[in-house]
Amino acid sequence: FSRFVLEAFGMRRKQLRRVLRTLGPLDVVGADVVCAAADVDGDARPETLDAARFARLFRALREERHARGIGATAADDAPLPLEESGDAP
């Protein structure tokens, strides 16, 4: 999760839809699916999201990658800090 946030912030001038296309890697439709599932505006920029929105976006990306059969990484299987405590948004 923290790597996802750091990489997204490394692309600060990009909109989230483009960030997801790069980091996903996803096509335009996949990026839009992730944004919709996370209830996040794809035109927003990473620096405008709070931690809860980043967590929702990460979860939705993880689910979309799994649904598309995109190779999982160790980070994909790691629980988010909020999931561990039961305080997930």
# chains A, B, ... in the order shown; residues from 1 in each chain; ligands from 1

call {"tool": "residues_around", "arguments": {"residues": "Thr48 in chain A", "least_positions_apart": "4", "cutoff": "12 Å", "atoms": "only C-alpha atoms", "output": "VMD selection string"}}
result
chain A and resid 8 to 9 12 to 16 40 to 44 52 to 54

call {"tool": "write_last_selection", "arguments": {"atoms": "C-alpha atoms", "output": "compact mmCIF listing (two decimals), in the first residue's frame"}}
result
# COMPACT_ATOMS: atom_id res chain seq x y z
CA ALA A 8 1.20 7.72 -7.17
CA PHE A 9 2.68 10.82 -5.53
CA ARG A 12 1.69 14.15 -8.92
CA ARG A 13 0.85 16.10 -12.03
CA LYS A 14 -1.02 13.15 -13.49
CA GLN A 15 -4.68 12.39 -13.00
CA LEU A 16 -5.57 9.22 -11.11
CA VAL A 40 -12.97 8.28 -6.61
CA ASP A 41 -12.95 10.78 -9.46
CA GLY A 42 -10.53 9.58 -12.15
CA ASP A 43 -9.79 13.19 -13.06
CA ALA A 44 -8.53 13.94 -9.53
CA ALA A 52 -9.16 6.53 3.28
CA ARG A 53 -9.65 7.25 -0.42
CA PHE A 54 -6.18 5.92 -1.23

call {"tool": "residues_around", "arguments": {"residues": "Leu57 in chain A", "least_positions_apart": "3", "cutoff": "12 Å", "atoms": "only C-alpha atoms", "output": "count of residues only"}}
result
35

call {"tool": "atom_distance", "arguments": {"atom1": "CA of Arg45 in chain A", "atom2": "CA of Met11 in chain A"}}
result
8.8 Å

call {"tool": "atom_distance", "arguments": {"atom1": "CA of Glu47 in chain A", "atom2": "CA of Pro25 in chain A"}}
result
20.3 Å
